[in-house]
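The data block below is final-v1.cif; it holds mmCIF, C-alpha atoms.
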```
data_run
#
loop_
_atom_site.label_atom_id
_atom_site.label_comp_id
_atom_site.auth_asym_id
_atom_site.auth_seq_id
_atom_site.Cartn_x
_atom_site.Cartn_y
_atom_site.Cartn_z
CA MET A 114 8.37 -30.13 -24.26
CA THR A 115 8.92 -27.22 -21.91
CA LEU A 116 12.26 -25.68 -21.10
CA VAL A 117 12.34 -24.31 -17.58
CA GLN A 118 15.57 -22.63 -16.53
CA LYS A 119 16.08 -20.94 -13.16
CA MET A 120 18.53 -18.13 -13.84
CA THR A 121 21.53 -17.25 -11.72
CA MET A 122 24.13 -14.63 -12.54
CA GLN A 123 26.60 -17.33 -13.54
CA THR A 124 24.04 -19.03 -15.77
CA ILE A 125 23.21 -15.80 -17.58
CA MET A 126 26.83 -14.99 -18.28
CA ASN A 127 27.77 -18.54 -19.20
CA THR A 128 27.88 -18.99 -22.97
CA SER A 129 27.19 -22.67 -22.49
CA PHE A 130 23.60 -21.77 -21.61
CA LEU A 131 23.17 -20.06 -24.97
CA SER A 132 24.68 -23.11 -26.63
CA SER A 133 22.33 -25.45 -24.78
CA LEU A 134 19.41 -23.26 -25.76
CA THR A 135 20.53 -23.31 -29.39
CA CYS A 136 20.95 -27.08 -29.39
CA PHE A 137 17.74 -27.78 -27.54
CA SER A 138 15.65 -30.30 -29.44
CA GLY A 139 11.95 -29.69 -29.80
CA PRO A 140 9.73 -26.72 -29.11
CA ILE A 141 10.45 -24.39 -26.18
CA LEU A 142 6.97 -23.75 -24.86
CA LYS A 143 7.84 -21.73 -21.75
CA PHE A 144 10.78 -19.45 -20.98
CA GLY A 145 11.22 -17.35 -17.83
CA LEU A 146 13.89 -15.02 -16.48
CA ASP A 147 13.84 -13.08 -13.20
CA THR A 148 16.96 -11.00 -12.42
CA ARG A 149 15.71 -9.49 -9.18
CA GLY A 150 18.67 -8.72 -6.94
CA ILE A 151 21.18 -9.21 -9.76
CA GLU A 152 23.09 -6.20 -11.05
CA ILE A 153 23.64 -7.18 -14.65
CA SER A 154 23.07 -5.94 -18.17
CA THR A 155 20.90 -8.43 -20.02
CA ALA A 156 19.98 -6.54 -23.20
CA GLY A 157 22.40 -8.35 -25.52
CA HIS A 158 21.48 -11.72 -24.09
CA ILE A 159 17.76 -10.99 -24.45
CA TYR A 160 18.14 -10.31 -28.15
CA ARG A 161 19.93 -13.63 -28.71
CA TRP A 162 17.47 -15.58 -26.58
CA MET A 163 14.50 -13.96 -28.29
CA LEU A 164 15.88 -14.86 -31.70
CA ILE A 165 16.17 -18.53 -30.72
CA LEU A 166 12.78 -18.59 -29.00
CA SER A 167 11.08 -17.09 -32.04
CA ARG A 168 12.10 -20.21 -33.96
CA ASN A 169 10.90 -22.69 -31.34
CA ARG A 170 7.15 -22.08 -30.99
CA ILE A 171 7.38 -20.29 -27.64
CA LYS A 172 3.97 -20.01 -25.92
CA GLU A 173 4.75 -18.34 -22.57
CA LEU A 174 7.46 -15.70 -22.21
CA GLN A 175 8.37 -13.94 -18.95
CA LEU A 176 11.40 -11.61 -18.86
CA ARG A 177 11.34 -9.82 -15.50
CA THR A 178 14.57 -7.88 -15.68
CA TYR A 179 15.63 -5.41 -12.99
CA THR A 180 18.33 -3.19 -14.46
CA HIS A 181 19.14 0.50 -14.76
CA GLU A 182 19.02 0.32 -18.54
CA SER A 183 15.98 -0.64 -20.58
CA TYR A 184 16.22 -2.75 -23.70
CA ASN A 185 14.40 -2.29 -26.98
CA ILE A 186 12.01 -5.14 -27.70
CA PRO A 187 13.75 -6.83 -30.65
CA SER A 188 11.98 -7.24 -33.97
CA CYS A 189 12.24 -11.03 -33.73
CA PHE A 190 9.74 -10.87 -30.83
CA PHE A 191 7.02 -10.13 -33.39
CA SER A 192 7.77 -13.45 -35.10
CA CYS A 193 6.70 -15.46 -32.03
CA ASP A 194 3.37 -16.36 -33.60
CA ASP A 195 2.37 -18.96 -30.99
CA LEU A 196 2.62 -16.71 -27.92
CA GLU A 197 -0.24 -17.04 -25.43
CA TYR A 198 1.18 -15.20 -22.40
CA VAL A 199 3.77 -12.38 -22.27
CA HIS A 200 5.25 -10.52 -19.30
CA LEU A 201 8.10 -8.10 -20.08
CA ARG A 202 9.80 -5.64 -17.73
CA ASP A 203 12.26 -2.75 -18.21
CA CYS A 204 11.69 -2.56 -21.93
CA ILE A 205 11.11 -0.02 -24.68
CA LEU A 206 8.45 -0.56 -27.32
CA THR A 207 8.89 1.61 -30.39
CA THR A 208 5.73 1.63 -32.47
CA LEU A 209 6.99 4.11 -35.05
CA HIS A 210 8.19 1.30 -37.28
CA LEU A 211 6.52 -1.90 -36.11
CA PRO A 212 7.53 -5.01 -38.02
CA GLY A 213 4.90 -6.58 -40.25
CA LEU A 214 2.03 -7.84 -38.10
CA SER A 215 0.16 -9.65 -40.84
CA LYS A 216 0.22 -12.92 -38.89
CA GLY A 217 -0.25 -11.24 -35.54
CA PHE A 218 -0.44 -12.94 -32.16
CA LYS A 219 -3.61 -14.90 -32.71
CA GLN A 220 -3.22 -17.02 -29.55
CA LEU A 221 -2.15 -14.26 -27.14
CA HIS A 222 -4.61 -13.85 -24.26
CA THR A 223 -2.45 -11.95 -21.71
CA LEU A 224 0.01 -9.10 -22.28
CA HIS A 225 1.78 -7.53 -19.28
CA LEU A 226 4.31 -4.73 -19.90
CA GLU A 227 5.92 -3.29 -16.78
CA CYS A 228 8.32 -0.37 -16.26
CA PHE A 229 8.38 0.36 -19.95
CA SER A 230 8.44 3.25 -22.38
CA LEU A 231 6.06 3.45 -25.31
CA GLU A 232 7.28 5.44 -28.29
CA GLY A 233 5.02 6.44 -31.16
CA ASN A 234 1.26 6.43 -31.71
CA HIS A 235 0.71 2.94 -33.12
CA PHE A 236 0.31 0.80 -30.01
CA GLY A 237 -3.21 0.10 -31.23
CA ASP A 238 -1.74 -1.77 -34.22
CA LEU A 239 -0.07 -4.20 -31.82
CA VAL A 240 -3.27 -4.70 -29.80
CA GLY A 241 -5.21 -5.09 -33.04
CA SER A 242 -2.93 -7.96 -34.05
CA CYS A 243 -4.07 -9.89 -30.94
CA PRO A 244 -7.69 -10.86 -31.73
CA ASN A 245 -8.00 -13.04 -28.58
CA LEU A 246 -6.39 -10.69 -26.08
CA GLU A 247 -8.38 -10.74 -22.82
CA LYS A 248 -6.05 -9.10 -20.29
CA LEU A 249 -3.80 -6.09 -20.91
CA THR A 250 -1.60 -4.53 -18.21
CA LEU A 251 0.54 -1.45 -18.81
CA TYR A 252 2.27 -0.80 -15.49
CA TRP A 253 4.65 2.08 -14.79
CA LEU A 254 4.12 3.23 -18.33
CA ILE A 255 5.76 6.33 -19.84
CA SER A 256 4.17 7.50 -23.07
CA SER A 257 3.84 10.89 -24.72
CA GLY A 258 1.96 9.50 -27.71
CA ASN A 259 -1.63 8.50 -28.34
CA ILE A 260 -2.73 5.17 -26.88
CA ASN A 261 -5.67 3.80 -28.85
CA ILE A 262 -6.96 0.39 -27.80
CA HIS A 263 -9.52 -1.33 -30.02
CA SER A 264 -10.28 -4.89 -28.96
CA THR A 265 -13.51 -6.87 -29.02
CA LYS A 266 -12.26 -9.63 -26.67
CA LEU A 267 -10.48 -7.51 -24.02
CA LYS A 268 -12.00 -8.01 -20.56
CA ILE A 269 -9.44 -6.64 -18.08
CA LEU A 270 -7.43 -3.45 -18.59
CA SER A 271 -4.90 -1.85 -16.22
CA VAL A 272 -3.00 1.30 -17.22
CA HIS A 273 -0.76 2.87 -14.58
CA GLY A 274 1.81 5.54 -15.29
CA LEU A 275 2.47 8.75 -17.15
CA PHE A 276 0.41 9.15 -20.31
CA ASN A 277 -1.36 11.94 -22.14
CA HIS A 278 -4.02 10.22 -24.20
CA LEU A 279 -6.07 7.04 -23.82
CA ASN A 280 -8.86 6.08 -26.17
CA LEU A 281 -10.81 2.84 -25.84
CA HIS A 282 -13.12 0.82 -28.03
CA THR A 283 -13.53 -2.31 -25.92
CA PRO A 284 -17.20 -3.39 -25.88
CA ASN A 285 -16.62 -6.47 -23.69
CA LEU A 286 -14.45 -4.82 -21.03
CA THR A 287 -15.47 -5.78 -17.48
CA SER A 288 -12.67 -4.18 -15.42
CA ALA A 289 -10.81 -0.91 -16.00
CA HIS A 290 -8.07 0.22 -13.60
CA ILE A 291 -6.60 3.55 -14.68
CA LYS A 292 -4.02 5.43 -12.63
CA ARG A 293 -2.36 8.50 -14.09
CA LYS A 294 0.79 9.57 -12.31
CA ARG A 295 1.02 13.15 -11.11
CA VAL A 296 4.15 15.01 -12.23
CA THR A 297 5.71 18.24 -11.04
CA GLY A 298 6.11 20.96 -13.62
CA ASP A 299 3.87 21.98 -16.49
CA ALA A 300 5.60 20.31 -19.46
CA TRP A 301 3.61 17.07 -19.39
CA GLU A 302 0.34 18.67 -18.30
CA ALA A 303 0.57 21.21 -21.13
CA LYS A 304 0.65 18.31 -23.63
CA CYS A 305 -2.17 16.39 -21.97
CA ASN A 306 -5.13 15.80 -24.28
CA PHE A 307 -6.85 13.21 -22.11
CA ASN A 308 -10.56 13.48 -22.88
CA PHE A 309 -12.20 12.44 -19.62
CA SER A 310 -15.78 12.68 -20.90
CA GLN A 311 -15.04 10.49 -23.91
CA PHE A 312 -13.13 8.01 -21.77
CA ILE A 313 -15.94 7.65 -19.22
CA ALA A 314 -18.46 7.08 -22.01
CA SER A 315 -16.24 4.32 -23.45
CA ILE A 316 -16.28 2.26 -20.22
CA SER A 317 -19.98 2.50 -19.40
CA ASP A 318 -20.43 -1.29 -19.57
CA VAL A 319 -17.72 -2.29 -17.09
CA GLU A 320 -18.34 -3.95 -13.72
CA ASN A 321 -15.29 -2.59 -11.89
CA ILE A 322 -13.70 0.87 -12.25
CA LEU A 323 -10.60 2.29 -10.56
CA LEU A 324 -9.71 5.91 -11.35
CA HIS A 325 -6.66 7.13 -9.42
CA GLY A 326 -4.39 10.10 -9.90
CA PRO A 327 -5.32 13.51 -11.35
CA LEU A 328 -7.83 12.16 -13.85
CA PHE A 329 -10.73 14.31 -12.67
CA GLU A 330 -8.57 17.37 -13.21
CA CYS A 331 -8.60 16.57 -16.94
CA ALA A 332 -12.38 16.84 -17.09
CA GLU A 333 -14.04 19.91 -18.50
CA HIS A 334 -15.28 22.46 -16.00
CA ASP A 335 -18.79 22.20 -17.44
CA PHE A 336 -18.99 18.41 -17.19
CA LEU A 337 -22.63 17.81 -16.30
CA ILE A 338 -24.79 14.80 -15.64
CA LEU A 339 -26.43 15.15 -19.06
CA LYS A 340 -23.08 14.46 -20.75
CA LEU A 341 -23.17 10.81 -19.68
CA PRO A 342 -24.95 8.96 -22.49
CA LYS A 343 -26.36 6.07 -20.50
CA LEU A 344 -26.44 4.29 -17.18
CA PHE A 345 -23.55 2.23 -15.82
CA ASN A 346 -25.97 -0.62 -15.18
CA ARG A 347 -23.25 -3.27 -14.79
CA LEU A 348 -21.02 -1.25 -12.48
CA THR A 349 -20.82 -2.80 -9.00
CA GLU A 350 -17.44 -1.57 -7.70
CA ILE A 351 -15.74 1.82 -8.01
CA SER A 352 -12.53 3.22 -6.52
CA LEU A 353 -11.75 6.94 -6.86
CA ASP A 354 -9.11 9.46 -5.84
CA LEU A 355 -11.35 12.35 -4.86
CA ASP A 356 -11.04 15.83 -3.37
CA LEU A 357 -14.43 16.50 -1.84
CA GLY A 358 -13.40 20.11 -1.24
CA ASN A 359 -13.26 20.64 -4.99
CA LEU A 360 -16.63 21.46 -6.54
CA LYS A 361 -15.76 20.03 -9.96
CA GLU A 362 -14.61 16.71 -8.50
CA ALA A 363 -17.64 16.54 -6.20
CA ASN A 364 -19.92 17.11 -9.20
CA LEU A 365 -18.14 14.40 -11.20
CA ALA A 366 -18.51 11.95 -8.32
CA VAL A 367 -22.23 12.57 -7.93
CA CYS A 368 -22.68 12.19 -11.71
CA LEU A 369 -21.06 8.75 -11.57
CA PHE A 370 -23.01 7.69 -8.48
CA GLN A 371 -26.33 8.79 -10.00
CA HIS A 372 -25.62 6.83 -13.18
CA ALA A 373 -24.58 3.61 -11.38
CA PRO A 374 -27.76 2.22 -9.77
CA ASN A 375 -26.20 -1.17 -8.95
CA LEU A 376 -23.11 0.00 -7.08
CA GLN A 377 -22.28 -2.34 -4.21
CA LEU A 378 -18.82 -1.10 -3.19
CA ILE A 379 -17.42 2.45 -3.14
CA ASN A 380 -13.77 2.97 -2.21
CA LEU A 381 -12.64 6.61 -1.89
CA ARG A 382 -9.03 7.71 -1.40
CA LEU A 383 -9.63 11.25 -0.19
CA THR A 384 -7.21 13.97 -1.19
CA SER A 385 -7.03 17.53 0.01
CA LYS A 386 -6.04 20.32 -2.32
CA LYS A 387 -6.94 23.99 -2.30
CA PRO A 388 -10.70 24.11 -2.98
CA MET A 389 -11.78 25.78 -6.20
CA VAL A 390 -15.20 26.56 -4.69
CA PRO A 391 -16.34 25.90 -1.10
CA THR A 392 -18.39 22.68 -0.93
CA ALA A 393 -19.45 22.69 2.71
CA HIS A 394 -23.15 22.38 1.85
CA PHE A 395 -22.81 20.54 -1.47
CA TRP A 396 -23.86 17.10 -0.23
CA GLU A 397 -26.51 18.52 2.07
CA SER A 398 -28.22 20.06 -0.96
CA ALA A 399 -27.90 16.93 -3.14
CA ASP A 400 -31.05 15.94 -5.03
CA ARG A 401 -32.77 13.35 -2.83
CA HIS A 402 -35.29 12.55 -5.58
CA VAL A 403 -32.57 10.73 -7.54
CA CYS A 404 -32.22 7.22 -6.13
CA LEU A 405 -28.66 7.03 -4.85
CA PHE A 406 -26.85 4.08 -3.27
CA GLN A 407 -29.90 1.77 -3.39
CA ASN A 408 -27.73 -1.37 -3.68
CA LEU A 409 -24.63 -0.16 -1.83
CA HIS A 410 -23.23 -2.66 0.68
CA VAL A 411 -19.84 -1.18 1.65
CA VAL A 412 -18.25 2.26 1.51
CA CYS A 413 -14.59 2.87 2.43
CA MET A 414 -13.21 6.38 2.99
CA ILE A 415 -9.42 6.54 3.34
CA ASN A 416 -7.53 9.63 4.62
CA PHE A 417 -10.71 10.90 6.27
CA THR A 418 -10.10 14.26 7.98
CA GLY A 419 -13.60 15.10 9.17
CA SER A 420 -14.08 18.08 6.85
CA ARG A 421 -17.60 19.39 6.35
CA ALA A 422 -17.64 18.03 2.80
CA GLU A 423 -16.48 14.54 3.89
CA LEU A 424 -19.02 14.40 6.71
CA GLY A 425 -21.70 15.59 4.28
CA LEU A 426 -21.05 12.74 1.85
CA LEU A 427 -20.92 10.15 4.61
CA LYS A 428 -24.19 11.45 6.06
CA LEU A 429 -25.83 11.27 2.62
CA ILE A 430 -24.69 7.67 2.10
CA LEU A 431 -25.87 6.55 5.53
CA GLU A 432 -29.28 8.18 5.05
CA GLU A 433 -29.82 6.99 1.47
CA ALA A 434 -28.36 3.43 1.40
CA PRO A 435 -31.08 1.00 2.56
CA VAL A 436 -28.94 -2.17 2.38
CA LEU A 437 -25.62 -0.74 3.59
CA ARG A 438 -23.70 -3.14 5.79
CA LYS A 439 -20.51 -1.26 6.59
CA ALA A 440 -18.90 2.18 6.37
CA GLU A 441 -15.13 1.99 6.93
CA ILE A 442 -13.40 5.22 7.98
CA GLU A 443 -9.61 5.36 7.95
CA GLY A 444 -7.64 8.33 9.25
CA TYR A 445 -9.52 9.05 12.46
CA GLY A 446 -6.30 10.25 14.14
CA ASN A 447 -7.12 13.64 12.63
CA LEU A 448 -10.61 13.70 14.11
CA ARG A 449 -11.69 15.35 17.33
CA LYS A 450 -13.58 13.36 19.93
CA ASP A 451 -16.77 15.27 19.22
CA ASP A 452 -16.46 14.40 15.53
CA LEU A 453 -16.09 10.72 16.39
CA LYS A 454 -19.20 10.82 18.57
CA ASN A 455 -21.18 12.55 15.83
CA LEU A 456 -20.05 9.93 13.31
CA LEU A 457 -21.34 7.09 15.43
CA LYS A 458 -24.65 8.89 16.05
CA MET A 459 -25.45 9.51 12.37
CA ARG A 460 -28.89 8.34 11.26
CA ARG A 461 -28.83 5.26 9.02
CA ALA A 462 -31.36 4.00 6.49
CA SER A 463 -30.11 0.44 6.95
CA LYS A 464 -30.65 -1.22 10.31
CA ASP A 465 -27.62 -3.42 9.62
CA ALA A 466 -25.17 -0.61 8.82
CA GLU A 467 -22.15 -0.31 11.08
CA ILE A 468 -19.48 2.38 11.14
CA VAL A 469 -15.98 0.98 11.54
CA ILE A 470 -13.24 3.47 12.39
CA LEU A 471 -9.82 2.04 11.52
#
```

Would you mind giving the structure from this file in structure tokens?
Amino acid sequence: MTLVQKMTMQTIMNTSFLSSLTCFSGPILKFGLDTRGIEISTAGHIYRWMLILSRNRIKELQLRTYTHESYNIPSCFFSCDDLEYVHLRDCILTTLHLPGLSKGFKQLHTLHLECFSLEGNHFGDLVGSCPNLEKLTLYWLISSGNINIHSTKLKILSVHGLFNHLNLHTPNLTSAHIKRKRVTGDAWEAKCNFNFSQFIASISDVENILLHGPLFECAEHDFLILKLPKLFNRLTEISLDLDLGNLKEANLAVCLFQHAPNLQLINLRLTSKKPMVPTAHFWESADRHVCLFQNLHVVCMINFTGSRAELGLLKLILEEAPVLRKAEIEGYGNLRKDDLKNLLKMRRASKDAEIVIL
């Protein structure tokens, strides 16, 4: 049997609901709460509900709370052995003293934690107790500790937020979306030990990569093509935040492109910071003997300003991509008419390639 309860403010505050939950006969397979638009403190209620649910073979749990105060995930949550799907919001997970995970969550295939704080360095113990976990989402994460994820079944990973360390051992991962939030001030950046080279090597078998935020800034200045251990043969889609006026970031991008022979889609969100080294001729001098963009179908360049570096990369793609179908350019309001004309006149290796200016 499944208990489905649509929550209202009156229902949440009504003790009769807790009584009905307590007296409910049979397993509670699915429980959902969404407090969007309701100004209410739910922490005490969540603890009581979780305690009851942990005794009733709950399989799907969704607590989407929207409050100004986060709640600590209660210890009884770790007794919900039959969980298959979990979505928690506005919560705090303290891994310093995790309850015994000897049984683990052997049925859990999806874990979504949103707007949450991670305390301690033992998140990997929780992931390790989920041998069938296939999808992990950490959204609007705040963590100053080490995040180590070891999972042989994990296929889809999304980590968005403020974090200093991410280490993966996920041999069957197919999609990795990583977005590190930029913060003002030096306190967080001073503690950052994000090893970009190690991270890139750990996701070399994925099919889809998204790297947004100041991730490239964490890479070593001497990051060279030879540091990548093998080809990204399965990679077909990549999305990057990229400053083409920054020599280090331009070098990192060309390293990735050269090691991904089967790329079909490139999506670039262009940023503009003070260049470390001028890159006006960087793309013009790129090694044409390395086969680039041989399977590329679509390239999207957002926030395009028409800088020499941006035009150089676009020119290289158009001249080197034999099966390109479309190049989408967004941000043409910053371009002069002459620049627009030159864009449309660029030579193209593919007879089917079109330039679309949005």

Return as CSV the residues of stretch 174-200 of chain A lying at most 8 Å from stretch 217-235 of chain A, together with the closest atom-to-atom pair for each and the distance in Å to one decimal, counting all atoms listed in the file, with rows in chain order and ascending residue number.
```
residue,atom,partner,partner_atom,distance
A:Ser183,CA,A:Phe229,CA,7.7
A:Phe191,CA,A:Gly217,CA,7.7
A:Cys193,CA,A:Phe218,CA,7.6
A:Asp194,CA,A:Phe218,CA,5.3
A:Asp195,CA,A:Gln220,CA,6.1
A:Leu196,CA,A:Leu221,CA,5.4
A:Glu197,CA,A:Leu221,CA,3.8
A:Tyr198,CA,A:Thr223,CA,4.9
A:Val199,CA,A:Leu224,CA,5.0
A:His200,CA,A:His225,CA,4.6
```

Requested in this report: Skip stretch 376-386 of chain A itself and residues of its chain fewer than 6 positions away, then list as an MDAnalysis selection string all residues within 6 Å of it, counting all atoms listed in the file.
Outcome: chainID A and resid 348:356 408:416

Report task. On this file, the PyMOL selection byres ((chain A and resi 454-461) around 10) gives some set of residues; write that set as a PyMOL selection string. Result -> chain A and resi 419+424+427-437+442+449-453+462-470

Report task. Decode the PyMOL selection byres ((chain A and resi 290) around 10) for the given file into explicit residues and return them as a PyMOL selection string. Result -> chain A and resi 250+269-273+288-289+291-292+321-325+351-352

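Each of A:Phe312, A:Trp253, A:Phe395, A:Tyr179 was compared to A:Arg293 using only C-alpha atoms, and A:Trp253 turns out to be the nearest.
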
Could you give me, as JSON lines, a per-residue list for stretch 194-269 of chain A showing, wherever an atom lies at most 12 Å from an atom of stretch 307-311 of chain A, the closest pair of atoms and their distance in Å to one decimal, using all atoms listed in the file and sorting by chain then residue number from low to high?
```
{"residue": "A:Ser257", "atom": "CA", "partner": "A:Phe307", "partner_atom": "CA", "distance": 11.2}
{"residue": "A:Gly258", "atom": "CA", "partner": "A:Phe307", "partner_atom": "CA", "distance": 11.1}
{"residue": "A:Asn259", "atom": "CA", "partner": "A:Phe307", "partner_atom": "CA", "distance": 9.4}
{"residue": "A:Ile260", "atom": "CA", "partner": "A:Phe307", "partner_atom": "CA", "distance": 10.2}
{"residue": "A:Asn261", "atom": "CA", "partner": "A:Phe307", "partner_atom": "CA", "distance": 11.6}
```

Could you please take those selected residues and save C-alpha atoms as an mmCIF file, keeping the file's coordinate frame?
```
data_model
loop_
_atom_site.group_PDB
_atom_site.id
_atom_site.type_symbol
_atom_site.label_atom_id
_atom_site.label_comp_id
_atom_site.auth_asym_id
_atom_site.auth_seq_id
_atom_site.Cartn_x
_atom_site.Cartn_y
_atom_site.Cartn_z
ATOM 1 C CA SER A 257 3.840 10.890 -24.720
ATOM 2 C CA GLY A 258 1.960 9.500 -27.710
ATOM 3 C CA ASN A 259 -1.630 8.500 -28.340
ATOM 4 C CA ILE A 260 -2.730 5.170 -26.880
ATOM 5 C CA ASN A 261 -5.670 3.800 -28.850
#
```

Report task. Quick one: residues within 7 Å of (-21.8, -1.1, -20.7) (file frame), counting all atoms listed in the file, please, as number ranges by chain. Result -> A: 316-319, 345-347

Query raised in the report: Hey, which of A:Leu254, A:Leu286, A:Leu146, A:Ala363 ends up closest to A:Ile205? Count all atoms listed in the file.
Result: A:Leu254

Query raised in the report: Separation of atom CA of A:Phe144 and atom CA of A:Tyr184, in Å?
Result: 17.8 Å

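Here atom CA of A:His282 and atom CA of A:Asn375 stand 23.2 Å from one another.
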
**Report entry** A:Thr283 environment, 9 Å, only C-alpha atoms, sequence neighbours closer than 4 positions dropped, as a list in words
**Finding:** Ile262, His263, Ser264, Thr265, Lys266, Leu267, Lys268, Ser315 and Ile316 of chain A

Could the residues in this selection be saved with C-alpha atoms as a tab-separated table (two decimals), keeping the file's coordinate frame?
```
chain	number	residue	atom	x	y	z
A	262	ILE	CA	-6.96	0.39	-27.80
A	263	HIS	CA	-9.52	-1.33	-30.02
A	264	SER	CA	-10.28	-4.89	-28.96
A	265	THR	CA	-13.51	-6.87	-29.02
A	266	LYS	CA	-12.26	-9.63	-26.67
A	267	LEU	CA	-10.48	-7.51	-24.02
A	268	LYS	CA	-12.00	-8.01	-20.56
A	315	SER	CA	-16.24	4.32	-23.45
A	316	ILE	CA	-16.28	2.26	-20.22
```

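In this comparison, which uses only C-alpha atoms, the residue of A:Glu362, A:Thr287, A:Cys189, A:Lys216 approaching A:Lys248 most closely is A:Thr287.
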
Query raised in the report: How far is it from atom CA of A:His158 to atom CA of A:Gly241, in Å with one decimal?
Result: 28.9 Å

Can you take the partial stretch 452-463 of chain A, add N, CA and C atoms, and return it as a compact mmCIF listing (two decimals), keeping the file's coordinate frame?
```txt
# COMPACT_ATOMS: atom_id res chain seq x y z
N ASP A 452 -16.19 14.88 16.88
CA ASP A 452 -16.46 14.40 15.53
C ASP A 452 -16.71 12.90 15.52
N LEU A 453 -15.92 12.17 16.31
CA LEU A 453 -16.09 10.72 16.39
C LEU A 453 -17.47 10.37 16.94
N LYS A 454 -17.88 11.08 17.99
CA LYS A 454 -19.20 10.82 18.57
C LYS A 454 -20.31 11.10 17.56
N ASN A 455 -20.16 12.21 16.82
CA ASN A 455 -21.18 12.55 15.83
C ASN A 455 -21.24 11.52 14.71
N LEU A 456 -20.07 10.97 14.33
CA LEU A 456 -20.05 9.93 13.31
C LEU A 456 -20.89 8.74 13.74
N LEU A 457 -20.66 8.29 14.94
CA LEU A 457 -21.34 7.09 15.43
C LEU A 457 -22.83 7.31 15.66
N LYS A 458 -23.24 8.58 15.80
CA LYS A 458 -24.65 8.89 16.05
C LYS A 458 -25.44 9.15 14.77
N MET A 459 -24.77 9.15 13.61
CA MET A 459 -25.45 9.51 12.37
C MET A 459 -26.62 8.55 12.08
N ARG A 460 -27.71 9.13 11.61
CA ARG A 460 -28.89 8.34 11.26
C ARG A 460 -28.59 7.44 10.07
N ARG A 461 -29.12 6.23 10.07
CA ARG A 461 -28.83 5.26 9.02
C ARG A 461 -30.12 4.66 8.47
N ALA A 462 -30.18 4.58 7.14
CA ALA A 462 -31.36 4.00 6.49
C ALA A 462 -31.38 2.48 6.66
N SER A 463 -30.21 1.89 6.79
CA SER A 463 -30.11 0.44 6.95
C SER A 463 -29.92 0.09 8.42
```
